[in-house]
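Below is one structure, written out as structure tokens; the observations come after it.
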Amino acid sequence: LFRSSGDSGTLLGVGGSNVKIESVRVENSGLEGIVLATGSNNSISNCYVLNSSSHGIVVRNNSSGNSIINNHILNSGVVSLADGRYSGIMLENSAGSDNLISGNIIQDSSSSGVWLARGDNNIISGNQVNGSSSYGICIYANTPSGAANNIISGNNIYNSGGSGIGLFGSSSYVVGSNIVSGNNIHNIDGPGIVIQGSSDNLISGNIIQDSGQDGILFQFYSGFYANNNIIAFNHI
């Protein structure tokens with residue numbers, strides 16, 4: 001058990017490779033709960049990460065081939081720092097490639113359930129994302145390295161205050177050739193799926209029910225584009 005009074009920093013950090021973190025309970029971190037930084041082939045499994053002031057679990061700095069599976073992540077950023085916008089699982093700062101985010105239960109995040117900011121060939125599958133204030137799952141490119149060939153599949157996303165799934169890029173920062181398939185999105189306040197500035201993505205076989213706005217929304221404005229996306233066999 002790793003527990004703090006809430007004024008300490010990250011409670012558990014890994015900067016190497018081939019490390020297993022299993023069946024650990026992390027509570028009341030003053031920053032992130034668990035961080036993987038600049039390492040590869042690590043795994044985080046069957047952990048409970050509760051009441052982190054920042055993100056629950058973070059992968060950053062070109063960390064590749066890591067697995068985050070079967071964890072329960074609750075109240076990330078709810079007992080929060082200044083702006084209170086934090087995700088259950090965050091892949092950030094050129095997070096890397098070939099990471100697997102699967103089988104996690106992510107509840108009541110103050111921003112998104114899973115947020116991928118740059119990175120390729122990552123798989124986000126089979127997660128249950130409930131009660132996120134913003135997106136259930138979001139891919140966002142804010143550097144020219146972009147985000148491509150990622151798969152978001154088989155997730156159950158519900159009770160989000162924003163949208164179910166978002167893909168966000170621009171003419172300079174490409175989000176492309178990603179697959180969004182077989183997700184169940186329901187009881188959310190915003191659109192089921194939002195695509196902005198993203199091209200050559202496949203959106204297929206998703207079930208979208210009881211969204212407060214559009215089932216699938218393309219957003220266009222100056223400097224953004226969305227070309228050659230395929231929307232097929234979705235049930236809205």
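Identifiers in the structure tokens: chain A, B, ... in order shown; residue index from 1 per chain; ligand index from 1 in order shown.
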Tell me which protein, DNA and RNA residues are within 8 Å of A:Asn183, counting only C-alpha atoms, leaving out same-chain ones fewer than 6 positions away, and put them as a PDB file with all heavy atoms, in the first residue's frame.
```pdb
ATOM      1  N   ILE A 152      -8.437   1.941 -30.995  1.00  0.00           N
ATOM      2  CA  ILE A 152      -9.358   2.097 -29.863  1.00  0.00           C
ATOM      3  C   ILE A 152     -10.520   1.143 -30.125  1.00  0.00           C
ATOM      4  O   ILE A 152     -11.334   1.369 -31.023  1.00  0.00           O
ATOM      5  CB  ILE A 152      -9.873   3.545 -29.748  1.00  0.00           C
ATOM      6  CG1 ILE A 152      -8.707   4.522 -29.563  1.00  0.00           C
ATOM      7  CG2 ILE A 152     -10.862   3.667 -28.597  1.00  0.00           C
ATOM      8  CD1 ILE A 152      -9.137   5.986 -29.573  1.00  0.00           C
ATOM      9  N   SER A 153     -10.579   0.059 -29.382  1.00  0.00           N
ATOM     10  CA  SER A 153     -11.578  -0.959 -29.721  1.00  0.00           C
ATOM     11  C   SER A 153     -12.153  -1.631 -28.478  1.00  0.00           C
ATOM     12  O   SER A 153     -11.463  -1.813 -27.470  1.00  0.00           O
ATOM     13  CB  SER A 153     -10.959  -2.023 -30.634  1.00  0.00           C
ATOM     14  OG  SER A 153     -10.008  -2.790 -29.942  1.00  0.00           O
ATOM     15  N   GLY A 154     -13.420  -1.988 -28.570  1.00  0.00           N
ATOM     16  CA  GLY A 154     -14.053  -2.806 -27.547  1.00  0.00           C
ATOM     17  C   GLY A 154     -14.168  -2.175 -26.181  1.00  0.00           C
ATOM     18  O   GLY A 154     -14.291  -2.881 -25.184  1.00  0.00           O
ATOM     19  N   ASN A 155     -14.170  -0.842 -26.130  1.00  0.00           N
ATOM     20  CA  ASN A 155     -14.299  -0.154 -24.846  1.00  0.00           C
ATOM     21  C   ASN A 155     -15.763   0.167 -24.553  1.00  0.00           C
ATOM     22  O   ASN A 155     -16.568   0.397 -25.471  1.00  0.00           O
ATOM     23  CB  ASN A 155     -13.487   1.144 -24.874  1.00  0.00           C
ATOM     24  CG  ASN A 155     -12.015   0.889 -25.130  1.00  0.00           C
ATOM     25  OD1 ASN A 155     -11.285   0.463 -24.244  1.00  0.00           O
ATOM     26  ND2 ASN A 155     -11.575   1.143 -26.363  1.00  0.00           N
ATOM     27  N   ASN A 156     -16.100   0.192 -23.283  1.00  0.00           N
ATOM     28  CA  ASN A 156     -17.435   0.573 -22.828  1.00  0.00           C
ATOM     29  C   ASN A 156     -17.324   1.932 -22.148  1.00  0.00           C
ATOM     30  O   ASN A 156     -16.684   2.056 -21.098  1.00  0.00           O
ATOM     31  CB  ASN A 156     -17.973  -0.485 -21.866  1.00  0.00           C
ATOM     32  CG  ASN A 156     -19.420  -0.242 -21.486  1.00  0.00           C
ATOM     33  OD1 ASN A 156     -20.138   0.500 -22.149  1.00  0.00           O
ATOM     34  ND2 ASN A 156     -19.866  -0.860 -20.402  1.00  0.00           N
ATOM     35  N   ILE A 157     -17.915   2.949 -22.773  1.00  0.00           N
ATOM     36  CA  ILE A 157     -17.754   4.328 -22.313  1.00  0.00           C
ATOM     37  C   ILE A 157     -19.127   4.892 -22.005  1.00  0.00           C
ATOM     38  O   ILE A 157     -20.015   4.919 -22.878  1.00  0.00           O
ATOM     39  CB  ILE A 157     -17.056   5.177 -23.396  1.00  0.00           C
ATOM     40  CG1 ILE A 157     -15.683   4.592 -23.734  1.00  0.00           C
ATOM     41  CG2 ILE A 157     -16.930   6.629 -22.943  1.00  0.00           C
ATOM     42  CD1 ILE A 157     -15.049   5.191 -24.967  1.00  0.00           C
ATOM     43  N   GLY A 205     -18.250  -0.162 -36.686  1.00  0.00           N
ATOM     44  CA  GLY A 205     -18.827  -1.134 -35.770  1.00  0.00           C
ATOM     45  C   GLY A 205     -19.036  -0.651 -34.362  1.00  0.00           C
ATOM     46  O   GLY A 205     -19.104  -1.459 -33.427  1.00  0.00           O
ATOM     47  N   ASN A 206     -19.180   0.673 -34.168  1.00  0.00           N
ATOM     48  CA  ASN A 206     -19.424   1.209 -32.833  1.00  0.00           C
ATOM     49  C   ASN A 206     -20.925   1.323 -32.565  1.00  0.00           C
ATOM     50  O   ASN A 206     -21.719   1.523 -33.487  1.00  0.00           O
ATOM     51  CB  ASN A 206     -18.774   2.591 -32.710  1.00  0.00           C
ATOM     52  CG  ASN A 206     -17.281   2.540 -32.954  1.00  0.00           C
ATOM     53  OD1 ASN A 206     -16.521   2.100 -32.104  1.00  0.00           O
ATOM     54  ND2 ASN A 206     -16.857   2.979 -34.136  1.00  0.00           N
ATOM     55  N   ILE A 207     -21.308   1.191 -31.313  1.00  0.00           N
ATOM     56  CA  ILE A 207     -22.693   1.400 -30.893  1.00  0.00           C
ATOM     57  C   ILE A 207     -22.733   2.678 -30.068  1.00  0.00           C
ATOM     58  O   ILE A 207     -22.029   2.799 -29.053  1.00  0.00           O
ATOM     59  CB  ILE A 207     -23.209   0.214 -30.068  1.00  0.00           C
ATOM     60  CG1 ILE A 207     -23.211  -1.058 -30.912  1.00  0.00           C
ATOM     61  CG2 ILE A 207     -24.612   0.500 -29.531  1.00  0.00           C
ATOM     62  CD1 ILE A 207     -23.557  -2.314 -30.130  1.00  0.00           C
TER      63      ILE A 207
END
```
Closest contacts (stretch 85-167 of chain A/stretch 32-46 of chain A, max 10 Å, only C-alpha atoms) as JSON lines:
```
{"residue": "A:Tyr86", "atom": "CA", "partner": "A:Glu32", "partner_atom": "CA", "distance": 9.3}
{"residue": "A:Ser87", "atom": "CA", "partner": "A:Glu32", "partner_atom": "CA", "distance": 9.8}
{"residue": "A:Gly88", "atom": "CA", "partner": "A:Gly33", "partner_atom": "CA", "distance": 9.6}
{"residue": "A:Ile89", "atom": "CA", "partner": "A:Ile34", "partner_atom": "CA", "distance": 9.6}
{"residue": "A:Met90", "atom": "CA", "partner": "A:Val35", "partner_atom": "CA", "distance": 9.4}
{"residue": "A:Leu91", "atom": "CA", "partner": "A:Leu36", "partner_atom": "CA", "distance": 9.5}
{"residue": "A:Glu92", "atom": "CA", "partner": "A:Ala37", "partner_atom": "CA", "distance": 9.9}
{"residue": "A:Asn93", "atom": "CA", "partner": "A:Ala37", "partner_atom": "CA", "distance": 9.7}
{"residue": "A:Ala95", "atom": "CA", "partner": "A:Ala37", "partner_atom": "CA", "distance": 8.5}
{"residue": "A:Gly96", "atom": "CA", "partner": "A:Thr38", "partner_atom": "CA", "distance": 9.0}
{"residue": "A:Ser97", "atom": "CA", "partner": "A:Ser40", "partner_atom": "CA", "distance": 9.7}
{"residue": "A:Asp98", "atom": "CA", "partner": "A:Asn41", "partner_atom": "CA", "distance": 9.5}
{"residue": "A:Asn99", "atom": "CA", "partner": "A:Asn41", "partner_atom": "CA", "distance": 8.6}
{"residue": "A:Leu100", "atom": "CA", "partner": "A:Ser43", "partner_atom": "CA", "distance": 9.3}
{"residue": "A:Ile101", "atom": "CA", "partner": "A:Ile44", "partner_atom": "CA", "distance": 9.7}
{"residue": "A:Ser102", "atom": "CA", "partner": "A:Ser45", "partner_atom": "CA", "distance": 9.7}
{"residue": "A:Gly103", "atom": "CA", "partner": "A:Ser45", "partner_atom": "CA", "distance": 9.5}
{"residue": "A:Asn104", "atom": "CA", "partner": "A:Asn46", "partner_atom": "CA", "distance": 8.6}
```
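Separating atom CA of A:Val180 from atom CA of A:Ser52 is a distance of 28.6 Å.
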Residues at most 12 Å from A:Ser134, counting only C-alpha atoms, excluding those fewer than 3 positions away in the same chain, as a ChimeraX atom specification? /A:84-88,108-115,129-131,137-138,157-166,188-192
Based on the backbone DSSP call, show me all residues of stretch 14-154 of chain A assigned strand (DSSP E or B), as a tab-separated table (two decimals) with C-alpha atoms, in the first residue's frame.
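Output below, filename result-v2.tsv:
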```tsv
chain	number	residue	atom	x	y	z
A	14	VAL	CA	9.56	3.68	-12.78
A	20	LYS	CA	6.41	-5.43	-13.12
A	21	ILE	CA	4.10	-3.49	-10.81
A	22	GLU	CA	1.33	-5.79	-9.69
A	25	ARG	CA	-2.75	0.04	-3.97
A	26	VAL	CA	-1.87	3.73	-4.40
A	27	GLU	CA	-3.96	6.30	-2.54
A	34	ILE	CA	2.10	5.74	-10.89
A	35	VAL	CA	4.51	7.00	-13.60
A	36	LEU	CA	6.41	5.09	-16.31
A	37	ALA	CA	9.10	7.35	-17.79
A	40	SER	CA	10.12	-0.16	-22.10
A	43	SER	CA	3.75	-3.75	-16.86
A	44	ILE	CA	1.23	-2.32	-14.41
A	45	SER	CA	-1.51	-4.78	-13.57
A	48	TYR	CA	-5.85	0.21	-7.40
A	49	VAL	CA	-5.04	3.90	-7.93
A	50	LEU	CA	-7.39	6.10	-5.92
A	57	ILE	CA	-1.26	6.38	-14.26
A	58	VAL	CA	1.14	8.17	-16.64
A	59	VAL	CA	3.36	6.89	-19.47
A	60	ARG	CA	5.79	9.48	-20.85
A	64	SER	CA	7.31	1.82	-25.45
A	67	SER	CA	1.23	-2.88	-20.60
A	68	ILE	CA	-1.35	-1.27	-18.33
A	69	ILE	CA	-3.96	-3.95	-17.74
A	72	HIS	CA	-8.96	0.11	-11.16
A	73	ILE	CA	-8.40	3.87	-11.34
A	74	LEU	CA	-10.79	6.09	-9.41
A	89	ILE	CA	-4.49	7.06	-17.75
A	90	MET	CA	-2.31	9.60	-19.55
A	91	LEU	CA	0.20	8.89	-22.35
A	92	GLU	CA	2.09	12.15	-22.81
A	97	SER	CA	4.62	3.28	-29.27
A	100	LEU	CA	-1.25	-1.70	-24.41
A	101	ILE	CA	-4.04	-0.18	-22.30
A	102	SER	CA	-6.56	-2.95	-21.69
A	105	ILE	CA	-11.87	0.20	-14.94
A	106	ILE	CA	-11.55	3.98	-14.95
A	107	GLN	CA	-14.09	5.97	-12.97
A	114	VAL	CA	-7.65	7.74	-21.27
A	115	TRP	CA	-5.73	10.54	-23.00
A	116	LEU	CA	-3.09	9.83	-25.65
A	117	ALA	CA	-1.01	12.89	-26.55
A	120	ASP	CA	1.89	5.46	-32.62
A	123	ILE	CA	-3.82	-0.26	-28.37
A	124	ILE	CA	-6.60	0.97	-26.07
A	125	SER	CA	-9.03	-1.91	-25.76
A	128	GLN	CA	-14.62	0.40	-18.90
A	129	VAL	CA	-14.65	4.20	-18.68
A	130	ASN	CA	-17.35	5.69	-16.49
A	137	ILE	CA	-10.93	8.30	-24.60
A	138	CYS	CA	-9.05	10.96	-26.56
A	139	ILE	CA	-6.17	10.99	-29.07
A	140	TYR	CA	-4.67	14.46	-29.37
A	147	ALA	CA	-0.44	10.13	-33.58
A	148	ALA	CA	-0.99	7.30	-36.06
A	151	ILE	CA	-6.43	1.22	-32.13
A	152	ILE	CA	-9.36	2.10	-29.86
A	153	SER	CA	-11.58	-0.96	-29.72
```
Calculated over only C-alpha atoms, which of the candidates A:Ser132, A:Ser181, A:Gln219, A:Asn187 has the smallest distance to A:Ser204?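 Ranked by minimum distance to A:Ser204, first place goes to A:Ser181.
The spacing separating atom CA of A:Asn61 from atom CA of A:Val19 amounts to 16.4 Å.
In this structure, atom CA of A:Arg118 sits 11.3 Å away from atom CA of A:Gly176.
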